[in-house]
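**Student:** Quick one: the structure is below, questions incoming.
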Amino acid sequence: MQVNKTRYAQLTEGLKPEEMLINMGPQHPSTHGVLRLELITDGEIVKEVIPHMGYLHRCFEKHCESLTYQQIIPFVDRMDYLASMNNDHAFVMGVERMMGIDKDIPKRVEYIRVLVCELNRISSHLIAIGIYGIDIGAFTPFLWCFRDREHIMNMLEWASGSRMLYNYIWVGGLFYDLPVGFEERCAEFIAYFKPKLIELNQLLTGNQIFIGRTAGIGVLPLDVAINYGCSGPMLRGSGLKWDLRRVDEYSVYPELEFDIPVGRGEMGKTGDCWDRYKIRTDEIAESIRIIEQCLERLQKELKRSPEFDPRAKLPKKIIPKEQDFYIRAENPKGELGYYFICDGKTEIPRRVKARAPSFNNLSVLPEISRGVLIADLVAILGSIDIVLGEVDR
Amino acid sequence: MNFNEIKDLLTDKFGQTAISVIEPMGLQPALLIDPDFIVQVCEELRDNNKTWFDFLSCLSGVDHGPEKNKFEIVYHLASIPHKQQLVLKTIKDHARNSDTLPSFLTVSGVWRTAEWHEREAFDLFGIYFEGHPDLRRILLPDDWEGYPLRKDYQAAEEYKGIKIN
């Protein structure tokens, strides 16, 4: 069927004598998971990068064709395993909107959902920062970030029962209410964490070596970013103020105050690796603001009461009308989208397609890393912040 | 521009046969585009300043099952300046004979996002995209046989001599 050679065949078969074809294989500490990068290099300068993925493909979409909507939620957790509350939230919002029950969800449930999603956003960005530091060669931020992340994981384990893949946000409500004392413990954590964030910034953000490795590297122009479908910190790093929490105004985000950090090219050019890194640290500070506002409301107007049951609004059978629906939400990595096709007759969807942000963000890697050194390629890949569970699904 | 205005803009430019509406009363109405016109429609939607759909959120392949024998591509577009979303669909019949693949035109010249999304549709559904620069499998191993997300997919008994149960 193919008449012309694919671009891959043209690149790999047309090597010049001085070029090398090197594998940055699936087992590599700096590729953020099982990602294989085929590099065509001239000495140490990378001429072309060809990503190969699929090592973590677990056939999410095929599984969805034989499971009910509630049963799909644990599978959805496992796509971006570092931010599974956000994955759950987006999926559950889509199903609720299709069923038409999205306006009936109690306010307390919505605020708890935003609280755990923002906690998970902090923990995902902490990993991004810590791993980025260790890719560049700075070992201390890695352990500091993981120490702080442990506190978040302990709290979420207290709320949901598991450290990483929570299965907490269900269609129509939550699995359990927050345990007694959670709001106070969370406020203690915020008070502990704020000075730690300042320490972390002092360590990495203004560090001359870090700036030398990341500023001006991997510049992503805005039109390229939009054309390639990049979203999240990658798009905001190139200067565009685009955050789906403010654009689509879903859940209770319209009632909360927070800013959207945007890359401005302070240390190099707009859209370089330093900008994307800086946005992630700024987003942690914004998430702390959101969490403080949620905690205040959860302790005052929406106090817990004995008759509150988070599973009260769970539908007995989830059978949406026959329709197609696309929901999009702001994951820490970017725009997470689910496309549902329901046939209106059974509890099992006909098709659920997950649009993963890391899949699109990774596709821009060959474009921005032509002519860089191999060490810069590691810096660029770290700034894209991919999670292979999402790329491969 | 809302949905009806976009539909009128496209019908004026391309004619009634190329554009029609599916599910106008649903939560997200979709435009059904004739498969030969899809690239021109997408270019128009991207370049026209009134619509300015510069972001392709998602491109999905759909298999309608062995009874209907249709393959469909669904495009979810977003306009960043106008904060709008739009759904486009193209459908083709295909009898699932094993020597040809259902073939659509590629939109990877319009949005580079489509390159990898179309590779995924090719990999999992066996939908061929004419004009795609690099159409090869992306998620499954390069030597996999069959297209798993099709409704009539039978999993192979063995992979390279190893039994799969």
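Simple scheme: letters A, B, ... for chains in structure tokens order, numbers from 1 for residues in each chain, numbers from 1 for ligands in the order shown.
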May I ask you to extract the residues of chain A within 7 Å of chain B, using only C-alpha atoms, and to give them as a list of chain:residue names?
**Tutor:**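 Those within range of chain B come out as A:Thr6, A:Arg7, A:Tyr8, A:Met53, A:Gly54, A:His57, A:Lys62, A:Ile226, A:Asn227, A:Tyr228, A:Gly229, A:Gln323, A:Phe325, A:Arg355, A:Asn360, A:Asp392.
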**Student:** Would you output that residue set with C-alpha atoms, as a compact mmCIF listing (two decimals), in the first residue's frame?
**Tutor:**
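What landed in part_8.txt:
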```txt
# COMPACT_ATOMS: atom_id res chain seq x y z
CA THR A 6 8.29 6.54 5.04
CA ARG A 7 10.27 9.40 6.50
CA TYR A 8 11.68 6.95 9.05
CA MET A 53 7.06 4.04 22.13
CA GLY A 54 4.63 1.29 22.91
CA HIS A 57 0.89 -0.17 25.89
CA LYS A 62 -9.82 -2.28 24.14
CA ILE A 226 -0.10 24.97 18.75
CA ASN A 227 0.35 23.10 15.50
CA TYR A 228 1.75 20.07 17.27
CA GLY A 229 -1.06 20.07 19.83
CA GLN A 323 -24.30 10.24 21.86
CA PHE A 325 -18.98 13.36 23.77
CA ARG A 355 -6.29 11.91 24.38
CA ASN A 360 1.21 15.21 21.84
CA ASP A 392 1.31 4.45 25.51
```
**Student:** A:Phe146: which residues within 10 Å, counting only C-alpha atoms, same-chain residues fewer than 2 positions away excluded, as a list of chain:residue names?
**Tutor:**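 The residues satisfying every condition are A:Ser123, A:Leu126, A:Ile127, A:Gly130, A:Ile131, A:Pro141, A:Phe142, A:Leu143, A:Trp144, A:Asp148, A:Arg149, A:Glu150, A:His151, A:Ile152.
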**Student:** Measuring atom to atom with only C-alpha atoms, identify which of A:Ile374, A:Ile348, A:Ile122, A:Ile217 is nearest to A:His63.
**Tutor:**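 Closest candidate: A:Ile348.
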**Student:** I'd like the neighbourhood of stretch 291-299 of chain A as a PyMOL selection string, where a residue qualifies if any of its atoms comes within 9 Å (using only C-alpha atoms), though same-chain residues fewer than 5 positions away should be ignored.
**Tutor:** chain A and resi 108+111-112+114-116+118-119+183-184+186-187+190+256-257+286+304
**Student:** Might you pull out every residue within 12 Å of stretch 13-16 of chain B, with only C-alpha atoms counted and same-chain residues fewer than 4 positions away left off, and present them as a ChimeraX atom specification?
**Tutor:** /B:6-9,20-21,31-34,36-42,44-45,48
**Student:** Those selected residues, please, written with N, CA and C atoms and delivered as a PDB file, in the first residue's frame.
**Tutor:**
```
ATOM      1  N   ILE B   6     -20.853  28.435  11.484  1.00  0.00           N
ATOM      2  CA  ILE B   6     -19.733  27.712  10.870  1.00  0.00           C
ATOM      3  C   ILE B   6     -20.260  26.808   9.767  1.00  0.00           C
ATOM      4  N   LYS B   7     -21.390  26.145  10.046  1.00  0.00           N
ATOM      5  CA  LYS B   7     -21.943  25.247   9.041  1.00  0.00           C
ATOM      6  C   LYS B   7     -22.309  26.030   7.793  1.00  0.00           C
ATOM      7  N   ASP B   8     -22.905  27.230   7.970  1.00  0.00           N
ATOM      8  CA  ASP B   8     -23.271  28.025   6.794  1.00  0.00           C
ATOM      9  C   ASP B   8     -22.044  28.486   6.027  1.00  0.00           C
ATOM     10  N   LEU B   9     -21.000  28.872   6.771  1.00  0.00           N
ATOM     11  CA  LEU B   9     -19.764  29.305   6.104  1.00  0.00           C
ATOM     12  C   LEU B   9     -19.205  28.203   5.236  1.00  0.00           C
ATOM     13  N   SER B  20     -22.800  18.111   5.978  1.00  0.00           N
ATOM     14  CA  SER B  20     -24.142  17.911   6.547  1.00  0.00           C
ATOM     15  C   SER B  20     -23.974  17.775   8.045  1.00  0.00           C
ATOM     16  N   VAL B  21     -25.068  17.787   8.755  1.00  0.00           N
ATOM     17  CA  VAL B  21     -24.997  17.877  10.216  1.00  0.00           C
ATOM     18  C   VAL B  21     -25.472  16.568  10.829  1.00  0.00           C
ATOM     19  N   LEU B  31     -20.296  17.939  12.420  1.00  0.00           N
ATOM     20  CA  LEU B  31     -20.477  18.153  10.989  1.00  0.00           C
ATOM     21  C   LEU B  31     -19.961  16.939  10.261  1.00  0.00           C
ATOM     22  N   LEU B  32     -20.755  16.386   9.365  1.00  0.00           N
ATOM     23  CA  LEU B  32     -20.305  15.250   8.583  1.00  0.00           C
ATOM     24  C   LEU B  32     -19.756  15.780   7.269  1.00  0.00           C
ATOM     25  N   ILE B  33     -18.492  15.473   6.994  1.00  0.00           N
ATOM     26  CA  ILE B  33     -17.815  16.016   5.816  1.00  0.00           C
ATOM     27  C   ILE B  33     -17.576  14.876   4.831  1.00  0.00           C
ATOM     28  N   ASP B  34     -17.764  15.145   3.587  1.00  0.00           N
ATOM     29  CA  ASP B  34     -17.458  14.179   2.540  1.00  0.00           C
ATOM     30  C   ASP B  34     -15.944  13.897   2.571  1.00  0.00           C
ATOM     31  N   ASP B  36     -13.653  13.331   0.485  1.00  0.00           N
ATOM     32  CA  ASP B  36     -12.730  13.958  -0.465  1.00  0.00           C
ATOM     33  C   ASP B  36     -12.455  15.400  -0.129  1.00  0.00           C
ATOM     34  N   PHE B  37     -13.326  16.015   0.683  1.00  0.00           N
ATOM     35  CA  PHE B  37     -13.186  17.448   0.929  1.00  0.00           C
ATOM     36  C   PHE B  37     -12.514  17.754   2.253  1.00  0.00           C
ATOM     37  N   ILE B  38     -12.145  16.712   3.001  1.00  0.00           N
ATOM     38  CA  ILE B  38     -11.782  16.948   4.399  1.00  0.00           C
ATOM     39  C   ILE B  38     -10.572  17.859   4.530  1.00  0.00           C
ATOM     40  N   VAL B  39      -9.575  17.710   3.652  1.00  0.00           N
ATOM     41  CA  VAL B  39      -8.374  18.529   3.804  1.00  0.00           C
ATOM     42  C   VAL B  39      -8.700  19.994   3.515  1.00  0.00           C
ATOM     43  N   GLN B  40      -9.528  20.229   2.485  1.00  0.00           N
ATOM     44  CA  GLN B  40      -9.856  21.628   2.167  1.00  0.00           C
ATOM     45  C   GLN B  40     -10.690  22.266   3.265  1.00  0.00           C
ATOM     46  N   VAL B  41     -11.609  21.485   3.826  1.00  0.00           N
ATOM     47  CA  VAL B  41     -12.430  22.018   4.912  1.00  0.00           C
ATOM     48  C   VAL B  41     -11.552  22.364   6.104  1.00  0.00           C
ATOM     49  N   CYS B  42     -10.611  21.481   6.428  1.00  0.00           N
ATOM     50  CA  CYS B  42      -9.751  21.732   7.580  1.00  0.00           C
ATOM     51  C   CYS B  42      -8.874  22.947   7.351  1.00  0.00           C
ATOM     52  N   GLU B  44      -9.575  25.496   5.490  1.00  0.00           N
ATOM     53  CA  GLU B  44     -10.432  26.671   5.578  1.00  0.00           C
ATOM     54  C   GLU B  44     -10.715  27.028   7.035  1.00  0.00           C
ATOM     55  N   LEU B  45     -11.010  25.991   7.842  1.00  0.00           N
ATOM     56  CA  LEU B  45     -11.312  26.256   9.238  1.00  0.00           C
ATOM     57  C   LEU B  45     -10.095  26.795   9.963  1.00  0.00           C
ATOM     58  N   ASN B  48      -9.237  30.665   8.093  1.00  0.00           N
ATOM     59  CA  ASN B  48     -10.219  31.737   8.124  1.00  0.00           C
ATOM     60  C   ASN B  48     -10.199  32.397   9.487  1.00  0.00           C
TER      61      ASN B  48
END
```
**Student:** For the structure I just gave you, how does DSSP split stretch 225-386 of chain A - specifically, which residues are alpha helix (DSSP H)? Reply as a PDB file with C-alpha atoms, in the first residue's frame.
**Tutor:**
```pdb
ATOM      1  CA  ALA A 225       3.480  24.359  19.860  1.00  0.00           C
ATOM      2  CA  ILE A 226      -0.104  24.967  18.755  1.00  0.00           C
ATOM      3  CA  ASN A 227       0.347  23.101  15.496  1.00  0.00           C
ATOM      4  CA  PRO A 233       3.091  23.916  30.778  1.00  0.00           C
ATOM      5  CA  MET A 234       4.575  23.424  27.304  1.00  0.00           C
ATOM      6  CA  LEU A 235       2.081  25.801  25.707  1.00  0.00           C
ATOM      7  CA  ARG A 236       2.189  28.243  28.610  1.00  0.00           C
ATOM      8  CA  GLY A 237       5.978  28.160  28.456  1.00  0.00           C
ATOM      9  CA  LEU A 244      -8.513  24.867  30.684  1.00  0.00           C
ATOM     10  CA  ARG A 245      -9.512  25.479  34.268  1.00  0.00           C
ATOM     11  CA  ARG A 246     -10.152  29.087  33.280  1.00  0.00           C
ATOM     12  CA  VAL A 247     -11.267  28.512  29.683  1.00  0.00           C
ATOM     13  CA  CYS A 273      13.448  24.671  29.061  1.00  0.00           C
ATOM     14  CA  TRP A 274      13.968  27.093  31.928  1.00  0.00           C
ATOM     15  CA  ASP A 275      10.588  28.722  31.265  1.00  0.00           C
ATOM     16  CA  ARG A 276       8.784  25.397  31.355  1.00  0.00           C
ATOM     17  CA  TYR A 277      10.545  24.481  34.584  1.00  0.00           C
ATOM     18  CA  LYS A 278       9.722  27.856  36.161  1.00  0.00           C
ATOM     19  CA  ILE A 279       6.053  27.494  35.259  1.00  0.00           C
ATOM     20  CA  ARG A 280       5.903  24.219  37.153  1.00  0.00           C
ATOM     21  CA  THR A 281       7.334  25.755  40.319  1.00  0.00           C
ATOM     22  CA  ASP A 282       4.946  28.692  40.001  1.00  0.00           C
ATOM     23  CA  GLU A 283       2.022  26.333  39.492  1.00  0.00           C
ATOM     24  CA  ILE A 284       2.864  24.621  42.759  1.00  0.00           C
ATOM     25  CA  ALA A 285       2.498  27.978  44.514  1.00  0.00           C
ATOM     26  CA  GLU A 286      -0.834  28.565  42.746  1.00  0.00           C
ATOM     27  CA  SER A 287      -2.069  25.111  43.732  1.00  0.00           C
ATOM     28  CA  ILE A 288      -1.231  25.919  47.350  1.00  0.00           C
ATOM     29  CA  ARG A 289      -3.461  28.999  47.057  1.00  0.00           C
ATOM     30  CA  ILE A 290      -6.296  26.885  45.677  1.00  0.00           C
ATOM     31  CA  ILE A 291      -5.903  24.311  48.433  1.00  0.00           C
ATOM     32  CA  GLU A 292      -6.030  26.994  51.124  1.00  0.00           C
ATOM     33  CA  GLN A 293      -9.272  28.362  49.682  1.00  0.00           C
ATOM     34  CA  CYS A 294     -10.785  24.865  49.473  1.00  0.00           C
ATOM     35  CA  LEU A 295      -9.805  24.051  53.034  1.00  0.00           C
ATOM     36  CA  GLU A 296     -11.377  27.253  54.286  1.00  0.00           C
ATOM     37  CA  ARG A 297     -14.654  26.427  52.605  1.00  0.00           C
ATOM     38  CA  LEU A 298     -14.584  22.801  53.641  1.00  0.00           C
ATOM     39  CA  GLN A 299     -14.162  23.821  57.254  1.00  0.00           C
ATOM     40  CA  PRO A 357      -1.232  15.239  26.820  1.00  0.00           C
ATOM     41  CA  SER A 358       2.159  13.552  26.953  1.00  0.00           C
ATOM     42  CA  PHE A 359       1.510  11.863  23.589  1.00  0.00           C
ATOM     43  CA  ASN A 360       1.208  15.213  21.840  1.00  0.00           C
ATOM     44  CA  ASN A 361       3.903  16.890  23.912  1.00  0.00           C
ATOM     45  CA  LEU A 362       6.365  14.157  22.991  1.00  0.00           C
ATOM     46  CA  SER A 363       5.621  14.534  19.280  1.00  0.00           C
ATOM     47  CA  LEU A 365      10.598  16.507  20.526  1.00  0.00           C
ATOM     48  CA  PRO A 366      12.094  15.791  17.067  1.00  0.00           C
ATOM     49  CA  GLU A 367      11.230  19.327  16.004  1.00  0.00           C
ATOM     50  CA  ILE A 368      12.936  21.206  18.820  1.00  0.00           C
ATOM     51  CA  ILE A 374      23.107  14.825  23.497  1.00  0.00           C
ATOM     52  CA  ALA A 375      23.259  16.325  26.985  1.00  0.00           C
ATOM     53  CA  ASP A 376      20.889  19.071  25.844  1.00  0.00           C
ATOM     54  CA  LEU A 377      18.540  16.422  24.519  1.00  0.00           C
ATOM     55  CA  VAL A 378      18.267  15.016  28.038  1.00  0.00           C
ATOM     56  CA  ALA A 379      17.464  18.518  29.323  1.00  0.00           C
ATOM     57  CA  ILE A 380      14.796  19.018  26.651  1.00  0.00           C
ATOM     58  CA  LEU A 381      13.191  15.645  27.307  1.00  0.00           C
ATOM     59  CA  GLY A 382      13.083  16.389  31.024  1.00  0.00           C
ATOM     60  CA  SER A 383      11.406  19.727  30.441  1.00  0.00           C
ATOM     61  CA  ILE A 384       8.658  18.136  28.343  1.00  0.00           C
TER      62      ILE A 384
END
```
**Student:** Record the distance separating atom CA of A:Arg370 and atom CA of A:Ile45, expressed in Å with one decimal.
**Tutor:**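 So the answer is 8.3 Å.
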**Student:** Quick one: pull the distance between atom CA of A:Met85 and atom CA of A:Leu165, Å, one decimal.
**Tutor:**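 One can read the atom CA of A:Met85 to atom CA of A:Leu165 distance as 8.1 Å.
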**Student:** For the strand (DSSP E) assignment from backbone DSSP, which residues of stretch 88-333 of chain A qualify? Please present them as a list in words.
**Tutor:**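 Listing strand (DSSP E) positions across stretch 88-333 of chain A yields Ile169, Trp170, Gly173, Leu174, Gln323, Asp324, Phe325, Tyr326, Ile327, Arg328, Ala329, Glu330 and Asn331 of chain A.
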**Student:** Near B:Phe53, within 8 Å and counting only C-alpha atoms, which residues show up once chain neighbours fewer than 5 positions away are dropped, as JSON, numbers by chain?
**Tutor:** {"B": [45, 46, 47, 77, 78, 79, 80]}
**Student:** Restricted to N, CA and C atoms, what would the selected residues look like written as a CSV table (one decimal), in the first residue's frame?
**Tutor:**
```
chain,number,residue,atom,x,y,z
B,45,LEU,N,-11.0,26.0,7.8
B,45,LEU,CA,-11.3,26.3,9.2
B,45,LEU,C,-10.1,26.8,10.0
B,46,ARG,N,-8.9,26.3,9.6
B,46,ARG,CA,-7.7,26.8,10.3
B,46,ARG,C,-7.3,28.2,9.8
B,47,ASP,N,-7.5,28.5,8.5
B,47,ASP,CA,-6.9,29.8,8.0
B,47,ASP,C,-7.9,30.9,8.1
B,77,LEU,N,-11.8,19.8,17.0
B,77,LEU,CA,-11.0,21.0,16.8
B,77,LEU,C,-11.2,21.9,17.9
B,78,ALA,N,-10.3,22.8,18.2
B,78,ALA,CA,-10.4,23.8,19.2
B,78,ALA,C,-9.9,25.1,18.6
B,79,SER,N,-10.5,26.2,18.9
B,79,SER,CA,-10.0,27.5,18.4
B,79,SER,C,-9.5,28.3,19.7
B,80,ILE,N,-8.2,28.5,19.7
B,80,ILE,CA,-7.7,29.2,20.9
B,80,ILE,C,-8.1,30.7,21.0
```
**Student:** Separation of atom CA of A:Thr68 and atom CA of A:Trp158, in Å?
**Tutor:**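 Result for atom CA of A:Thr68 versus atom CA of A:Trp158: 27.1 Å, one decimal.
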